[in-house]
$ cat query37.cif   # mmCIF, C-alpha atoms
data_final
#
loop_
_atom_site.label_atom_id
_atom_site.label_comp_id
_atom_site.auth_asym_id
_atom_site.auth_seq_id
_atom_site.Cartn_x
_atom_site.Cartn_y
_atom_site.Cartn_z
CA MET Z 1 13.88 27.38 -11.96
CA GLY Z 2 15.59 24.40 -13.58
CA ARG Z 3 16.34 23.83 -17.25
CA ARG Z 4 13.36 21.53 -17.73
CA ALA Z 5 10.95 24.05 -16.26
CA ARG Z 6 12.35 26.88 -18.41
CA ASN Z 7 12.00 24.88 -21.61
CA ARG Z 8 8.47 23.70 -20.82
CA PRO Z 9 5.73 25.65 -22.60
CA PRO Z 10 3.45 27.69 -20.32
CA GLY Z 11 0.51 25.72 -18.97
CA ALA Z 12 2.13 22.37 -19.73
CA ASP Z 13 1.67 19.58 -17.25
CA ALA Z 14 4.51 19.55 -14.75
CA GLY Z 15 4.31 15.76 -14.55
CA PRO Z 16 3.58 13.59 -11.56
CA GLU Z 17 3.94 15.15 -8.15
CA ARG Z 18 7.03 14.20 -6.25
CA LYS Z 19 6.73 12.12 -3.15
CA PRO Z 20 7.65 14.06 -0.03
CA ARG Z 21 11.22 13.56 1.08
CA LEU Z 22 11.71 10.73 3.57
CA ARG Z 23 12.89 12.27 6.80
CA PHE Z 24 15.73 10.78 8.78
CA GLY Z 25 14.17 8.10 10.96
CA SER Z 26 10.82 8.78 9.26
CA GLU Z 27 10.25 11.76 11.53
CA THR Z 28 7.79 14.47 10.63
CA PRO Z 29 8.95 18.04 10.02
CA GLY Z 30 9.09 20.09 13.21
CA THR Z 31 9.61 17.12 15.51
CA ILE Z 32 12.57 18.72 17.23
CA THR Z 33 11.13 22.20 17.70
CA LYS Z 34 7.51 21.24 18.36
CA GLY Z 35 8.09 17.98 20.18
CA PRO Z 36 7.29 14.44 19.16
CA PRO Z 37 4.08 13.92 17.21
CA ILE Z 38 1.01 12.49 18.89
CA THR Z 39 -0.72 9.74 16.93
CA VAL Z 40 -4.49 10.11 17.16
CA THR Z 41 -6.60 7.14 16.04
CA CYS Z 42 -10.25 7.84 15.45
CA GLU Z 43 -12.93 5.34 16.44
CA CYS Z 44 -13.60 4.74 12.74
CA GLY Z 45 -9.96 3.69 12.22
CA ALA Z 46 -8.47 6.85 10.63
CA ARG Z 47 -5.07 7.87 11.99
CA LYS Z 48 -3.25 11.21 12.01
CA GLU Z 49 -0.04 12.48 13.61
CA LEU Z 50 -0.53 15.83 15.34
CA PHE Z 51 1.67 18.12 17.38
CA TYR Z 52 0.70 19.20 20.87
CA GLY Z 53 -2.13 21.73 20.84
CA GLU Z 54 -3.37 20.89 17.35
CA ARG Z 55 -6.97 20.04 16.60
CA TRP Z 56 -8.03 17.45 14.02
CA THR Z 57 -11.40 16.59 12.53
CA CYS Z 58 -11.64 13.10 11.08
CA PRO Z 59 -12.41 13.34 7.35
CA ASP Z 60 -14.32 10.04 7.40
CA CYS Z 61 -16.73 10.45 10.31
CA GLY Z 62 -16.40 14.12 11.36
CA ARG Z 63 -15.30 13.49 14.97
CA SER Z 64 -13.00 16.17 16.36
CA TYR Z 65 -9.93 15.59 18.54
CA ASP Z 66 -7.94 18.22 20.43
CA THR Z 67 -4.45 17.35 21.67
CA SER Z 68 -4.41 20.27 24.11
CA HIS Z 69 -6.47 18.04 26.46
CA ILE Z 70 -3.24 16.16 27.19
CA PRO Z 71 -1.66 17.42 30.43
CA ALA Z 72 1.12 19.88 29.54
CA GLU Z 73 3.54 18.67 32.21
CA GLU Z 74 3.32 15.06 31.00
CA TYR Z 75 3.96 16.09 27.39
CA GLN Z 76 6.85 18.31 28.52
CA ALA Z 77 8.40 15.29 30.26
CA ILE Z 78 8.28 13.42 26.94
CA ARG Z 79 9.96 16.34 25.15
CA LYS Z 80 12.73 16.46 27.76
CA LEU Z 81 13.30 12.73 27.42
CA GLN Z 82 13.45 13.00 23.64
CA MET Z 83 15.95 15.88 23.74
CA ARG Z 84 18.11 14.10 26.32
CA TYR Z 85 18.42 11.00 24.16
CA ARG Z 86 19.12 13.07 21.04
CA ALA Z 87 22.04 14.79 22.76
CA LEU Z 88 24.42 11.78 22.84
CA PRO Z 89 24.62 11.19 19.06
CA VAL Z 90 24.97 14.91 18.42
CA ALA Z 91 27.70 15.25 21.05
CA LEU Z 92 29.59 12.27 19.61
CA ALA Z 93 29.35 13.65 16.07
CA LEU Z 94 30.55 17.09 17.18
CA THR Z 95 33.48 15.55 19.06
CA VAL Z 96 34.53 13.51 16.03
CA ALA Z 97 34.16 16.53 13.74
CA LEU Z 98 36.22 18.67 16.12
CA LEU Z 99 38.95 16.03 16.27
CA ALA Z 100 38.94 15.74 12.48
CA ILE Z 101 39.36 19.51 12.17
CA VAL Z 102 42.18 19.53 14.72
CA PHE Z 103 43.96 16.68 12.94
CA THR Z 104 43.55 18.43 9.59
CA LEU Z 105 44.82 21.79 10.88
CA THR Z 106 47.85 20.19 12.53
CA GLY Z 107 48.74 18.43 9.29
CA ASN Z 108 47.92 14.96 10.58
CA VAL Z 109 45.47 13.97 7.85
CA VAL Z 110 46.17 10.29 8.50
CA GLY Z 111 44.57 10.77 11.93
CA VAL Z 112 41.32 11.77 10.24
CA PHE Z 113 41.31 8.54 8.25
CA PHE Z 114 41.83 6.66 11.51
CA ILE Z 115 39.34 8.46 13.76
CA MET Z 116 36.40 8.40 11.35
CA PRO Z 117 36.14 4.60 10.93
CA VAL Z 118 36.89 4.01 14.61
CA ALA Z 119 34.15 6.45 15.64
CA ILE Z 120 31.65 4.95 13.20
CA ILE Z 121 32.37 1.38 14.30
CA THR Z 122 32.25 2.38 17.96
CA TRP Z 123 28.90 4.10 17.48
CA PHE Z 124 27.17 1.40 15.43
CA VAL Z 125 28.58 -1.65 17.22
CA PHE Z 126 28.80 -0.57 20.85
CA LEU Z 127 27.05 2.69 21.68
CA ARG Z 128 23.96 2.73 19.45
CA PRO Z 129 22.47 -0.62 20.54
CA THR Z 130 22.86 0.30 24.20
CA HIS Z 131 21.52 3.78 23.56
CA ARG Z 132 18.45 2.41 21.75
CA LYS Z 133 17.79 -0.15 24.46
CA ARG Z 134 17.85 2.53 27.17
CA TYR Z 135 15.67 4.84 25.08
CA ARG Z 136 13.06 2.13 24.51
CA ALA Z 137 13.05 1.31 28.23
CA ALA Z 138 12.56 5.00 29.07
CA ILE Z 139 9.74 5.34 26.51
CA ALA Z 140 7.97 2.26 27.87
CA ASP Z 141 7.52 4.03 31.22
CA LEU Z 142 5.87 7.08 29.67
CA PRO Z 143 2.13 7.68 30.03
CA ARG Z 144 -0.38 6.93 27.25
CA TRP Z 145 -3.48 9.02 26.76
CA ASP Z 146 -6.93 8.10 25.56
CA LEU Z 147 -8.32 11.17 23.82
CA ARG Z 148 -12.06 11.27 23.41
CA ALA Z 149 -13.81 13.02 20.53
CA ASP Z 150 -15.22 16.45 21.34
#

$ encode --input "query37.cif" --output "structure tokens"
Amino acid sequence: MGRRARNRPPGADAGPERKPRLRFGSETPGTITKGPPITVTCECGARKELFYGERWTCPDCGRSYDTSHIPAEEYQAIRKLQMRYRALPVALALTVALLAIVFTLTGNVVGVFFIMPVAIITWFVFLRPTHRKRYRAAIADLPRWDLRAD
């Protein structure tokens, strides 16, 4: 409990609700463990992002959609593709962090100040654009599904 909450009288208005935290890359919570979200658009125009196996009833018209109708092997292929393309940035970051630790432990702190900018420039100028281009090309070949209301 923070200082403001302690000093607030009981039953007092807590103020406006906070906006939910913006996730890195605007991803929804659980994207890594549950797989990428599936965007379901109702015939009335309402949209909702669901995870595989979730069921959603449109609040506007009452139609119900079930994402478990999507073939499991096709969705699993999408998850594998997503994890494969997430591995390169993580591996690069771990390598740079390992090198920074080694440089620090060997007393070569100047090496840390050299490797960090070089790694950042290499990632953002050379590797990331190529990585994104390949990822977009791989996503373009993935199947799209047309879920019908139950």

$ atom_distance --input "query37.cif" --atom1 "CA of Thr104 (chain Z)" --atom2 "CA of Phe124 (chain Z)"
24.3 Å

$ residues_around --input "query37.cif" --residues "Trp123 (chain Z)" --least-positions-apart "5" --cutoff "9 Å" --atoms "all atoms listed in the file" --output "short mmCIF file (atom, residue, chain, number, x, y, z; two decimals) with C-alpha atoms, in the coordinates of the input"
data_model
loop_
_atom_site.label_atom_id
_atom_site.label_comp_id
_atom_site.auth_asym_id
_atom_site.auth_seq_id
_atom_site.Cartn_x
_atom_site.Cartn_y
_atom_site.Cartn_z
CA PRO Z 89 24.62 11.19 19.06
CA LEU Z 92 29.59 12.27 19.61
CA VAL Z 118 36.89 4.01 14.61
CA ARG Z 128 23.96 2.73 19.45
CA PRO Z 129 22.47 -0.62 20.54
#

$ resolve_selection --input "query37.cif" --expression "the PyMOL selection byres ((chain Z and resi 95-99) around 9)" --output "list of chain:residue names"
Z:Val90, Z:Ala91, Z:Leu92, Z:Ala93, Z:Leu94, Z:Ala100, Z:Ile101, Z:Val102, Z:Phe103, Z:Thr104, Z:Gly111, Z:Val112, Z:Ile115, Z:Met116, Z:Ala119

$ atom_distance --input "query37.cif" --atom1 "CA of Ser64 (chain Z)" --atom2 "CA of Asp150 (chain Z)"
5.5 Å

$ atom_distance --input "query37.cif" --atom1 "CA of Cys58 (chain Z)" --atom2 "CA of Cys44 (chain Z)"
8.7 Å

$ closest_residue --input "query37.cif" --among "Z:Gly53, Z:Arg79, Z:Asp60, Z:Arg86" --to "Thr41 (chain Z)" --atoms "only C-alpha atoms"
Z:Asp60

$ closest_residue --input "query37.cif" --among "Z:Thr130, Z:Phe113, Z:Ile70, Z:Tyr65" --to "Arg47 (chain Z)" --atoms "all atoms listed in the file"
Z:Tyr65

$ decode --input "query37.cif" --residues "region 106-148 of chain Z" --atoms "N, CA and C atoms" --output "compact mmCIF listing (two decimals), in the first residue's frame"
# COMPACT_ATOMS: atom_id res chain seq x y z
N THR Z 106 36.60 -9.47 -16.08
CA THR Z 106 38.03 -9.46 -16.41
C THR Z 106 38.64 -8.08 -16.22
N GLY Z 107 37.84 -7.11 -15.80
CA GLY Z 107 38.36 -5.78 -15.55
C GLY Z 107 38.41 -4.90 -16.78
N ASN Z 108 37.86 -5.35 -17.87
CA ASN Z 108 37.87 -4.58 -19.12
C ASN Z 108 36.52 -3.88 -19.28
N VAL Z 109 36.28 -2.89 -18.44
CA VAL Z 109 34.99 -2.19 -18.46
C VAL Z 109 34.84 -1.37 -19.73
N VAL Z 110 35.94 -0.94 -20.31
CA VAL Z 110 35.89 -0.18 -21.56
C VAL Z 110 35.28 -1.04 -22.67
N GLY Z 111 35.51 -2.35 -22.62
CA GLY Z 111 34.93 -3.26 -23.61
C GLY Z 111 33.42 -3.27 -23.57
N VAL Z 112 32.87 -3.09 -22.36
CA VAL Z 112 31.40 -3.04 -22.22
C VAL Z 112 30.87 -1.81 -22.93
N PHE Z 113 31.56 -0.69 -22.75
CA PHE Z 113 31.11 0.55 -23.40
C PHE Z 113 31.32 0.51 -24.91
N PHE Z 114 32.09 -0.42 -25.39
CA PHE Z 114 32.26 -0.60 -26.83
C PHE Z 114 31.23 -1.57 -27.39
N ILE Z 115 31.05 -2.71 -26.69
CA ILE Z 115 30.18 -3.76 -27.25
C ILE Z 115 28.71 -3.38 -27.24
N MET Z 116 28.27 -2.64 -26.23
CA MET Z 116 26.86 -2.28 -26.15
C MET Z 116 26.40 -1.42 -27.34
N PRO Z 117 27.06 -0.29 -27.64
CA PRO Z 117 26.61 0.49 -28.80
C PRO Z 117 26.76 -0.26 -30.12
N VAL Z 118 27.83 -1.03 -30.25
CA VAL Z 118 28.04 -1.79 -31.50
C VAL Z 118 26.91 -2.80 -31.67
N ALA Z 119 26.55 -3.50 -30.59
CA ALA Z 119 25.47 -4.49 -30.68
C ALA Z 119 24.13 -3.82 -30.99
N ILE Z 120 23.87 -2.68 -30.36
CA ILE Z 120 22.61 -1.99 -30.60
C ILE Z 120 22.52 -1.48 -32.03
N ILE Z 121 23.60 -0.89 -32.52
CA ILE Z 121 23.60 -0.39 -33.90
C ILE Z 121 23.48 -1.55 -34.89
N THR Z 122 24.21 -2.64 -34.62
CA THR Z 122 24.13 -3.80 -35.51
C THR Z 122 22.71 -4.36 -35.55
N TRP Z 123 22.05 -4.43 -34.38
CA TRP Z 123 20.70 -4.96 -34.36
C TRP Z 123 19.73 -4.06 -35.11
N PHE Z 124 19.71 -2.77 -34.77
CA PHE Z 124 18.69 -1.89 -35.33
C PHE Z 124 18.95 -1.50 -36.78
N VAL Z 125 20.19 -1.48 -37.22
CA VAL Z 125 20.48 -1.06 -38.59
C VAL Z 125 20.53 -2.24 -39.55
N PHE Z 126 21.12 -3.35 -39.13
CA PHE Z 126 21.34 -4.45 -40.06
C PHE Z 126 20.42 -5.66 -39.83
N LEU Z 127 20.39 -6.16 -38.61
CA LEU Z 127 19.69 -7.42 -38.36
C LEU Z 127 18.17 -7.27 -38.27
N ARG Z 128 17.68 -6.28 -37.56
CA ARG Z 128 16.24 -6.15 -37.34
C ARG Z 128 15.44 -5.95 -38.62
N PRO Z 129 15.85 -5.08 -39.53
CA PRO Z 129 15.06 -4.96 -40.77
C PRO Z 129 14.99 -6.27 -41.57
N THR Z 130 16.09 -6.97 -41.64
CA THR Z 130 16.09 -8.26 -42.36
C THR Z 130 15.22 -9.27 -41.62
N HIS Z 131 15.35 -9.29 -40.32
CA HIS Z 131 14.57 -10.21 -39.49
C HIS Z 131 13.08 -9.95 -39.66
N ARG Z 132 12.66 -8.68 -39.62
CA ARG Z 132 11.25 -8.34 -39.80
C ARG Z 132 10.74 -8.70 -41.19
N LYS Z 133 11.57 -8.46 -42.19
CA LYS Z 133 11.17 -8.77 -43.56
C LYS Z 133 10.92 -10.28 -43.72
N ARG Z 134 11.81 -11.08 -43.18
CA ARG Z 134 11.65 -12.54 -43.26
C ARG Z 134 10.44 -13.00 -42.45
N TYR Z 135 10.21 -12.38 -41.30
CA TYR Z 135 9.07 -12.75 -40.47
C TYR Z 135 7.76 -12.43 -41.18
N ARG Z 136 7.68 -11.25 -41.78
CA ARG Z 136 6.47 -10.88 -42.52
C ARG Z 136 6.23 -11.81 -43.71
N ALA Z 137 7.30 -12.19 -44.39
CA ALA Z 137 7.15 -13.12 -45.51
C ALA Z 137 6.66 -14.48 -45.02
N ALA Z 138 7.16 -14.94 -43.87
CA ALA Z 138 6.73 -16.22 -43.33
C ALA Z 138 5.28 -16.15 -42.86
N ILE Z 139 4.88 -15.04 -42.28
CA ILE Z 139 3.49 -14.88 -41.82
C ILE Z 139 2.53 -14.82 -43.00
N ALA Z 140 2.96 -14.23 -44.10
CA ALA Z 140 2.08 -14.10 -45.27
C ALA Z 140 1.67 -15.46 -45.82
N ASP Z 141 2.50 -16.47 -45.62
CA ASP Z 141 2.20 -17.81 -46.13
C ASP Z 141 1.32 -18.63 -45.19
N LEU Z 142 1.01 -18.09 -44.03
CA LEU Z 142 0.22 -18.85 -43.06
C LEU Z 142 -1.26 -18.86 -43.45
N PRO Z 143 -1.98 -19.88 -43.00
CA PRO Z 143 -3.41 -19.96 -43.35
C PRO Z 143 -4.24 -18.93 -42.57
N ARG Z 144 -5.38 -18.59 -43.15
CA ARG Z 144 -6.36 -17.71 -42.48
C ARG Z 144 -7.63 -18.54 -42.35
N TRP Z 145 -8.34 -18.30 -41.26
CA TRP Z 145 -9.55 -19.09 -41.01
C TRP Z 145 -10.76 -18.17 -41.02
N ASP Z 146 -11.87 -18.74 -41.43
CA ASP Z 146 -13.13 -18.01 -41.42
C ASP Z 146 -14.07 -18.72 -40.45
N LEU Z 147 -14.05 -18.26 -39.20
CA LEU Z 147 -14.90 -18.88 -38.18
C LEU Z 147 -16.35 -18.45 -38.39
N ARG Z 148 -17.23 -19.38 -38.25
CA ARG Z 148 -18.65 -19.10 -38.35
C ARG Z 148 -19.25 -19.13 -36.94
